[in-house]
$ cat final_11.txt   # compact mmCIF, C-alpha atoms and all ligand atoms
# COMPACT_ATOMS: atom_id res chain seq x y z
CA MET A 1 11.37 37.47 30.72
CA ALA A 2 13.11 40.79 30.17
CA LYS A 3 13.70 42.50 33.50
CA ASN A 4 13.75 46.06 32.17
CA ASN A 5 12.08 48.18 29.53
CA ILE A 6 13.14 51.37 27.83
CA SER A 7 9.68 52.74 27.15
CA PHE A 8 8.33 55.02 24.44
CA PHE A 9 4.71 56.13 24.57
CA ILE A 10 2.64 56.49 21.44
CA PRO A 11 -0.59 57.86 22.91
CA HIS A 12 -3.74 56.89 21.05
CA VAL A 13 -2.11 57.42 17.67
CA GLY A 14 -3.64 55.11 15.11
CA CYS A 15 -6.06 53.55 17.52
CA PRO A 16 -9.36 53.07 15.68
CA HIS A 17 -11.37 53.20 18.91
CA LYS A 18 -12.10 55.21 21.98
CA CYS A 19 -12.87 52.77 24.73
CA SER A 20 -15.16 53.94 27.53
CA PHE A 21 -12.30 54.30 30.00
CA CYS A 22 -9.55 55.54 27.71
CA ASN A 23 -7.98 58.91 27.97
CA GLN A 24 -4.59 58.10 26.52
CA HIS A 25 -3.28 61.60 27.01
CA SER A 26 -3.79 61.28 30.76
CA ILE A 27 -2.50 57.73 30.99
CA THR A 28 0.75 58.31 29.21
CA GLY A 29 1.18 61.89 30.33
CA GLN A 30 2.21 63.22 26.95
CA THR A 31 0.72 64.17 23.61
CA ASP A 32 3.87 64.33 21.47
CA ILE A 33 4.67 61.17 19.60
CA PRO A 34 8.27 59.93 19.37
CA HIS A 35 10.11 59.94 16.04
CA LYS A 36 13.36 58.43 14.73
CA HIS A 37 15.66 61.03 16.29
CA ASP A 38 13.94 60.75 19.71
CA ILE A 39 14.33 56.99 19.69
CA GLU A 40 17.96 57.08 18.54
CA LYS A 41 18.84 59.71 21.13
CA THR A 42 17.20 57.83 24.02
CA LEU A 43 18.60 54.44 23.01
CA SER A 44 22.15 55.77 22.46
CA LYS A 45 22.06 57.22 25.96
CA ALA A 46 20.65 53.97 27.37
CA MET A 47 23.46 51.97 25.71
CA GLN A 48 25.99 54.04 27.63
CA GLU A 49 24.12 53.82 30.93
CA ILE A 50 23.12 50.12 30.97
CA ASP A 51 25.76 47.43 31.51
CA VAL A 52 26.26 44.86 28.76
CA ALA A 53 25.03 42.10 31.10
CA ASP A 54 21.77 43.96 31.78
CA ARG A 55 21.16 44.88 28.15
CA ALA A 56 20.37 41.26 27.31
CA ASP A 57 17.52 41.55 29.81
CA THR A 58 16.16 44.80 28.44
CA GLU A 59 13.43 45.31 25.85
CA ILE A 60 12.66 48.46 23.89
CA ALA A 61 8.95 48.99 24.57
CA PHE A 62 6.34 50.87 22.54
CA PHE A 63 3.33 51.40 24.79
CA GLY A 64 0.29 53.58 24.89
CA GLY A 65 -1.64 53.33 21.65
CA SER A 66 -2.36 50.23 19.61
CA PHE A 67 0.98 49.61 17.98
CA THR A 68 -0.20 47.35 15.17
CA ALA A 69 -2.98 49.78 14.23
CA ILE A 70 -0.78 52.79 13.61
CA ASN A 71 -0.08 53.68 10.01
CA ARG A 72 2.53 51.44 8.45
CA GLU A 73 4.94 54.22 7.57
CA TYR A 74 5.13 55.40 11.19
CA MET A 75 5.23 51.82 12.49
CA TYR A 76 8.22 51.04 10.25
CA GLU A 77 9.90 54.25 11.38
CA LEU A 78 9.62 53.13 15.02
CA LEU A 79 10.72 49.56 14.32
CA SER A 80 13.63 50.49 12.08
CA SER A 81 14.90 53.20 14.46
CA ALA A 82 15.28 50.56 17.16
CA GLN A 83 17.06 47.92 15.03
CA PRO A 84 20.66 49.24 15.40
CA PHE A 85 20.29 48.86 19.17
CA ILE A 86 19.23 45.20 19.18
CA GLY A 87 21.49 42.12 19.10
CA LYS A 88 24.70 40.84 20.65
CA GLU A 89 25.84 43.08 23.51
CA LYS A 90 22.86 45.33 22.77
CA PHE A 91 19.19 45.15 23.84
CA LYS A 92 17.13 41.97 23.75
CA GLY A 93 14.31 43.01 21.40
CA ILE A 94 11.11 45.03 21.14
CA ARG A 95 7.95 44.84 23.25
CA ILE A 96 4.69 46.23 21.92
CA SER A 97 1.12 46.48 23.18
CA THR A 98 -1.93 46.32 20.95
CA ARG A 99 -5.59 45.30 20.57
CA PRO A 100 -6.76 41.73 19.98
CA ASP A 101 -8.48 42.65 16.69
CA CYS A 102 -5.31 44.24 15.29
CA ILE A 103 -3.36 41.00 14.99
CA ASP A 104 -3.12 38.87 11.86
CA GLU A 105 -0.48 36.80 10.09
CA ASP A 106 0.65 39.71 7.95
CA ILE A 107 1.39 41.93 10.94
CA LEU A 108 3.00 39.10 12.92
CA ASN A 109 5.39 38.46 10.02
CA ILE A 110 6.38 42.14 10.05
CA LEU A 111 6.92 42.09 13.81
CA LYS A 112 8.94 38.88 13.60
CA GLU A 113 11.22 40.34 10.94
CA ASN A 114 11.76 43.44 13.07
CA SER A 115 13.00 41.91 16.33
CA VAL A 116 9.75 42.09 18.29
CA THR A 117 9.99 39.62 21.17
CA THR A 118 6.90 40.31 23.30
CA ILE A 119 3.34 41.22 22.34
CA GLU A 120 0.93 42.42 24.99
CA LEU A 121 -2.78 42.32 24.27
CA GLY A 122 -5.22 44.62 26.00
CA CYS A 123 -8.06 42.14 26.59
CA GLN A 124 -9.81 43.86 29.49
CA SER A 125 -12.67 41.33 29.73
CA MET A 126 -13.64 37.93 28.34
CA ASN A 127 -17.32 38.83 28.47
CA ASP A 128 -18.83 40.16 25.24
CA ILE A 129 -21.51 42.19 27.04
CA VAL A 130 -18.82 43.98 29.07
CA LEU A 131 -16.64 44.48 25.97
CA THR A 132 -19.56 46.00 24.04
CA ALA A 133 -20.72 48.17 26.96
CA ASN A 134 -17.20 49.62 27.20
CA GLU A 135 -16.96 50.25 23.44
CA ARG A 136 -13.96 47.96 23.04
CA GLY A 137 -14.84 47.10 19.42
CA HIS A 138 -13.57 43.52 19.69
CA THR A 139 -14.91 40.27 21.05
CA ARG A 140 -13.84 37.47 23.36
CA ARG A 141 -13.24 35.38 20.28
CA ASP A 142 -10.74 37.96 18.93
CA ILE A 143 -8.78 37.57 22.19
CA ILE A 144 -8.68 33.79 21.88
CA CYS A 145 -7.71 33.76 18.18
CA SER A 146 -5.02 36.45 18.44
CA SER A 147 -3.49 34.92 21.60
CA LYS A 148 -3.20 31.54 19.91
CA LEU A 149 -1.68 33.06 16.77
CA ILE A 150 0.87 35.08 18.77
CA LYS A 151 1.98 31.95 20.59
CA GLU A 152 2.16 29.93 17.37
CA TYR A 153 4.54 32.55 15.98
CA GLY A 154 6.77 32.12 19.03
CA PHE A 155 6.36 35.57 20.61
CA ARG A 156 6.11 36.00 24.36
CA LEU A 157 2.47 36.75 25.11
CA GLY A 158 1.31 39.24 27.72
CA LEU A 159 -2.39 39.62 28.52
CA GLN A 160 -3.92 42.62 30.24
CA MET A 161 -7.29 42.63 32.02
CA MET A 162 -9.32 45.24 33.87
CA VAL A 163 -11.23 44.87 37.11
CA GLY A 164 -14.58 46.58 37.69
CA LEU A 165 -15.55 47.76 34.21
CA TYR A 166 -19.05 49.07 33.46
CA LYS A 167 -21.52 46.12 33.37
CA SER A 168 -18.99 43.74 34.89
CA THR A 169 -19.35 41.92 38.21
CA PRO A 170 -16.78 40.28 40.52
CA GLU A 171 -17.88 36.90 39.12
CA ILE A 172 -17.33 38.06 35.53
CA ASP A 173 -13.90 39.47 36.43
CA LEU A 174 -12.89 36.21 38.08
CA HIS A 175 -14.13 34.29 35.06
CA THR A 176 -12.09 36.59 32.81
CA ALA A 177 -8.94 35.80 34.81
CA LYS A 178 -9.61 32.06 34.55
CA GLU A 179 -10.18 32.26 30.80
CA LEU A 180 -7.01 34.29 30.28
CA ILE A 181 -5.04 31.73 32.31
CA ARG A 182 -6.31 29.02 29.95
CA LEU A 183 -4.67 30.92 27.08
CA GLU A 184 -1.31 30.32 28.81
CA PRO A 185 0.19 33.81 28.64
CA ASP A 186 3.81 34.31 29.71
CA GLU A 187 2.82 37.27 31.87
CA ALA A 188 -0.21 39.36 32.84
CA ARG A 189 -1.17 42.87 33.88
CA ILE A 190 -4.19 43.67 36.03
CA TYR A 191 -5.69 47.14 35.86
CA PRO A 192 -8.45 48.00 38.33
CA VAL A 193 -10.63 50.64 36.65
CA VAL A 194 -9.56 54.24 37.02
CA ILE A 195 -12.28 56.64 35.91
CA MET A 196 -10.83 59.56 34.00
CA GLU A 197 -12.23 62.96 33.14
CA ASN A 198 -13.29 63.31 29.47
CA THR A 199 -14.21 59.66 28.94
CA SER A 200 -17.59 58.07 28.33
CA LEU A 201 -17.08 56.00 31.48
CA GLY A 202 -16.61 59.28 33.34
CA ASP A 203 -19.94 60.52 31.95
CA LEU A 204 -21.70 57.27 32.93
CA TYR A 205 -20.20 57.60 36.41
CA LYS A 206 -21.28 61.20 36.81
CA SER A 207 -24.83 60.37 35.66
CA GLY A 208 -25.06 57.53 38.19
CA GLU A 209 -25.47 54.87 35.48
CA TYR A 210 -22.09 53.31 36.31
CA VAL A 211 -21.58 52.51 39.98
CA PRO A 212 -18.10 51.03 40.59
CA TYR A 213 -17.45 48.37 43.22
CA SER A 214 -16.37 49.62 46.62
CA PHE A 215 -12.61 50.19 46.92
CA ASP A 216 -12.32 47.30 49.39
CA CYS A 217 -14.12 44.99 46.97
CA ALA A 218 -11.73 46.00 44.16
CA VAL A 219 -8.72 45.28 46.38
CA GLU A 220 -10.10 41.92 47.52
CA LEU A 221 -11.01 40.89 43.99
CA SER A 222 -7.71 42.05 42.46
CA ALA A 223 -5.86 40.17 45.21
CA GLN A 224 -7.79 37.02 44.34
CA ILE A 225 -6.99 37.46 40.65
CA LEU A 226 -3.31 38.14 41.41
CA SER A 227 -3.20 34.93 43.41
CA LEU A 228 -4.92 32.96 40.61
CA PHE A 229 -2.34 34.04 38.02
CA GLU A 230 0.57 33.36 40.36
CA GLN A 231 -0.74 29.92 41.35
CA ASN A 232 -0.74 29.10 37.65
CA GLY A 233 2.87 30.20 37.22
CA ILE A 234 1.98 33.42 35.35
CA PRO A 235 3.86 36.47 36.69
CA VAL A 236 1.75 39.59 37.14
CA ILE A 237 4.15 42.28 35.97
CA LYS A 238 1.83 45.15 36.82
CA LEU A 239 -1.13 45.63 39.13
CA GLY A 240 -2.70 49.09 38.98
CA LEU A 241 -1.80 52.14 36.90
CA HIS A 242 1.60 53.67 37.50
CA ALA A 243 1.78 56.58 39.91
CA SER A 244 1.49 59.70 37.85
CA GLU A 245 0.54 63.22 38.63
CA VAL A 246 -1.53 63.37 35.43
CA VAL A 247 -3.56 60.33 36.43
CA GLU A 248 -4.08 61.78 39.88
CA LYS A 249 -5.20 65.09 38.37
CA ASP A 250 -7.65 63.58 35.85
CA CYS A 251 -8.91 60.71 37.97
CA ILE A 252 -12.50 61.27 39.08
CA GLY A 253 -13.23 57.86 40.60
CA GLY A 254 -12.47 54.18 40.53
CA PHE A 255 -9.55 52.41 42.09
CA TYR A 256 -6.41 54.48 41.71
CA HIS A 257 -3.92 54.11 44.54
CA PRO A 258 -0.16 54.65 44.15
CA ALA A 259 0.53 51.38 46.01
CA PHE A 260 -2.39 49.30 44.77
CA ARG A 261 -0.34 46.14 44.42
CA GLU A 262 0.90 46.34 47.99
CA LEU A 263 -2.71 46.68 49.19
CA CYS A 264 -3.56 43.48 47.31
CA GLU A 265 -0.53 41.62 48.63
CA SER A 266 -1.41 42.66 52.18
CA GLU A 267 -4.92 41.35 51.58
CA LEU A 268 -3.48 37.98 50.57
CA TYR A 269 -1.35 37.84 53.74
CA LYS A 270 -4.45 38.69 55.79
CA LYS A 271 -6.22 35.70 54.20
CA GLU A 272 -3.18 33.52 54.83
CA ILE A 273 -3.03 34.46 58.52
CA SER A 274 -6.78 33.74 58.79
CA ARG A 275 -6.21 30.29 57.28
CA LEU A 276 -3.37 29.54 59.70
CA ILE A 277 -5.53 30.56 62.66
CA GLU A 278 -8.57 28.63 61.41
CA ASP A 279 -6.48 25.47 61.25
CA VAL A 280 -5.97 25.66 65.00
CA ASP A 281 -8.65 23.65 66.75
CA LYS A 282 -9.19 26.25 69.48
CA LYS A 283 -10.47 29.79 69.81
CA VAL A 284 -7.28 31.78 69.25
CA ILE A 285 -6.98 35.12 71.05
CA LYS A 286 -3.30 35.78 70.33
CA ALA A 287 -1.12 34.58 67.44
CA VAL A 288 2.60 34.99 66.88
CA ILE A 289 3.43 35.14 63.19
CA SER A 290 6.98 34.75 61.94
CA VAL A 291 7.70 36.50 58.63
CA ARG A 292 10.60 36.94 56.30
CA PRO A 293 11.90 40.46 57.12
CA LYS A 294 11.35 41.99 53.68
CA LEU A 295 7.67 41.01 53.81
CA THR A 296 6.98 42.59 57.18
CA SER A 297 5.27 45.76 55.94
CA LYS A 298 3.04 43.79 53.57
CA VAL A 299 2.04 41.32 56.28
CA ILE A 300 1.23 44.15 58.70
CA GLY A 301 -0.66 46.07 56.02
CA GLN A 302 -0.79 49.79 55.27
CA LYS A 303 -1.33 51.76 58.46
CA LYS A 304 -1.28 48.38 60.26
CA SER A 305 -4.60 47.49 58.62
CA ASN A 306 -4.14 43.72 59.04
CA ILE A 307 -3.21 44.05 62.71
CA GLU A 308 -6.30 46.25 63.20
CA TYR A 309 -8.51 43.79 61.31
CA PHE A 310 -7.58 40.91 63.63
CA ARG A 311 -7.79 43.12 66.71
CA ASP A 312 -11.37 43.99 65.71
CA ILE A 313 -12.27 40.29 65.68
CA GLY A 314 -10.61 39.66 69.04
CA ILE A 315 -7.21 38.33 67.97
CA GLU A 316 -3.96 40.02 68.89
CA ILE A 317 -1.23 39.49 66.29
CA LYS A 318 2.45 39.68 67.17
CA ILE A 319 4.91 39.76 64.27
CA VAL A 320 8.46 38.44 64.61
CA GLN A 321 11.04 38.33 61.84
CA ASP A 322 13.08 35.34 60.72
CA ASN A 323 15.43 35.73 57.75
CA LYS A 324 16.11 31.99 57.61
CA GLN A 325 12.62 30.59 57.18
CA LYS A 326 11.54 29.20 53.82
CA GLU A 327 7.84 30.05 54.10
CA SER A 328 6.71 33.66 53.68
CA ILE A 329 4.82 33.49 56.97
CA ARG A 330 4.48 30.89 59.76
CA LEU A 331 2.33 30.60 62.81
CA ILE A 332 4.78 29.94 65.63
CA GLY A 333 2.73 30.52 68.75
CA ILE A 334 -0.80 30.99 70.02
CA GLU A 335 -2.81 31.79 73.10
CA ALA A 336 -6.28 30.30 73.11
CA GLU A 337 -9.37 30.58 75.30
S1 LIG B 401 -7.75 50.30 22.29
FE1 LIG B 401 -6.33 51.10 23.81
S2 LIG B 401 -5.57 53.04 22.97
FE2 LIG B 401 -7.40 52.46 21.80
S3 LIG B 401 -9.06 53.54 22.81
FE3 LIG B 401 -8.99 51.51 23.70
S4 LIG B 401 -7.66 51.67 25.49
FE4 LIG B 401 -7.36 53.52 24.25

$ encode --input "final_11.txt" --output "structure tokens"
Amino acid sequence: MAKNNISFFIPHVGCPHKCSFCNQHSITGQTDIPHKHDIEKTLSKAMQEIDVADRADTEIAFFGGSFTAINREYMYELLSSAQPFIGKEKFKGIRISTRPDCIDEDILNILKENSVTTIELGCQSMNDIVLTANERGHTRRDIICSSKLIKEYGFRLGLQMMVGLYKSTPEIDLHTAKELIRLEPDEARIYPVVIMENTSLGDLYKSGEYVPYSFDCAVELSAQILSLFEQNGIPVIKLGLHASEVVEKDCIGGFYHPAFRELCESELYKKEISRLIEDVDKKVIKAVISVRPKLTSKVIGQKKSNIEYFRDIGIEIKIVQDNKQKESIRLIGIEAE
């Protein structure tokens, strides 16, 4: 997996749809589209700034719109502008994101010939009712067929899903995660819904037709989905939209939080501590938990939320740090009634 990306955003250009939640201008924070000279300028600068050793771990990424749906002339301009910067002692290849119904053999041949290494598919849900309700314009079957084809062609496959879409339920979201795992992606992204101004989802929200899950439910569910992917050896390279002033300005509801992933990871540690305590055959009133030092803030939770949670149910938690232990967390002492 490439560790780094040099990203270019191509907001909404060429995308044949307008999904219920999509406001590409807000998500990418720009309306100008990059052209040859922009790409050459950025990549030349990046070549000087990034060590040779790190370049082999760096992909040139075209995000934002649906890359394979943009007009061919512009697509070739983007692909060809990047070519001089790919190869030995240069960058690893190109990463693109697109829609499941914009993949076929013809386009995969073009991408293969032009140094594309990773294809990310915006799947969002594996439930056709949810896909239709959110005006996605593709089906669950499109996701399955395009994922298989991408893997057959030897590209790295990334799958993206959303949590809490209109007409979805926690059960449907969990089922989506399980179905995506069966497609054996190399990586995943999880996006809890962020409701933007000037979207049809925003209108449904304002009218009361769309009622999102509670924030706590979204965190708990996203944590469960994160854990499912990780248990199956699939790295989750992103959880939640990136922190951006534009998103914060246009966001009118949903689950935006600048540290969403950390909230989910803290939730998983809370569950883990609960499991450790439940395994003790006594009523625990105090537990000493040993953690690897770099995990301390996640185990404690934001604003000590995990400590508070256990205090509220009558258990005092004491955290100690151990930089030699193999496990993330260990129960090393208790007081019981
Ligand atoms: S396919 Fe992607 S770019 Fe196109 S409208 Fe939907 S979310 Fe936006």

$ residues_near_ligand --input "final_11.txt" --ligand "ligand LIG 401 (chain B)" --cutoff "6 Å" --atoms "only C-alpha atoms and all ligand atoms" --output "short mmCIF file (atom, residue, chain, number, x, y, z; two decimals) with C-alpha atoms, keeping the file's coordinate frame"
data_model
loop_
_atom_site.label_atom_id
_atom_site.label_comp_id
_atom_site.auth_asym_id
_atom_site.auth_seq_id
_atom_site.Cartn_x
_atom_site.Cartn_y
_atom_site.Cartn_z
CA HIS A 12 -3.74 56.89 21.05
CA CYS A 15 -6.06 53.55 17.52
CA HIS A 17 -11.37 53.20 18.91
CA LYS A 18 -12.10 55.21 21.98
CA CYS A 19 -12.87 52.77 24.73
CA CYS A 22 -9.55 55.54 27.71
CA GLN A 24 -4.59 58.10 26.52
CA GLY A 65 -1.64 53.33 21.65
CA SER A 66 -2.36 50.23 19.61
CA ARG A 99 -5.59 45.30 20.57
#

$ atom_distance --input "final_11.txt" --atom1 "CA of Val320 in chain A" --atom2 "CA of Phe260 in chain A"
25.1 Å

$ closest_residue --input "final_11.txt" --among "A:Leu159, A:Ile39, A:Ile195, A:Ile103" --to "Gly122 in chain A" --atoms "all atoms listed in the file"
A:Leu159

$ closest_residue --input "final_11.txt" --among "A:Val236, A:Lys298, A:Arg55, A:Ile313" --to "Ser274 in chain A" --atoms "only C-alpha atoms"
A:Ile313

$ closest_residue --input "final_11.txt" --among "A:Ser146, A:Asn134, A:Gln83, A:Ser305" --to "Ile107 in chain A" --atoms "all atoms listed in the file"
A:Ser146

$ atom_distance --input "final_11.txt" --atom1 "CA of Val163 in chain A" --atom2 "CA of Tyr269 in chain A"
20.6 Å

$ atom_distance --input "final_11.txt" --atom1 "CA of Gln160 in chain A" --atom2 "CA of Glu187 in chain A"
8.8 Å

$ residues_around --input "final_11.txt" --residues "Phe91 in chain A" --least-positions-apart "3" --cutoff "6 Å" --atoms "only C-alpha atoms" --output "list in words"
Arg55, Ala56, Thr58 and Ile86 of chain A

$ closest_atom_pairs --input "final_11.txt" --of "range 86-197 of chain A" --to "range 238-241 of chain A" --cutoff "10 Å" --atoms "only C-alpha atoms" --output "tab-separated table"
residue	atom	partner	partner_atom	distance
A:Gln160	CA	A:Lys238	CA	9.1
A:Met161	CA	A:Leu239	CA	9.9
A:Met162	CA	A:Gly240	CA	9.2
A:Val163	CA	A:Gly240	CA	9.7
A:Glu187	CA	A:Lys238	CA	9.4
A:Ala188	CA	A:Lys238	CA	7.3
A:Arg189	CA	A:Lys238	CA	4.8
A:Ile190	CA	A:Leu239	CA	4.8
A:Tyr191	CA	A:Gly240	CA	4.7
A:Pro192	CA	A:Gly240	CA	5.9
A:Val193	CA	A:Gly240	CA	8.4
A:Val194	CA	A:Leu241	CA	8.0

$ residues_around --input "final_11.txt" --residues "Ala82 in chain A" --least-positions-apart "2" --cutoff "10 Å" --atoms "all atoms listed in the file" --output "number ranges by chain"
A: 36, 39-40, 43, 60-61, 76-80, 84-86, 91, 93-94, 114-115
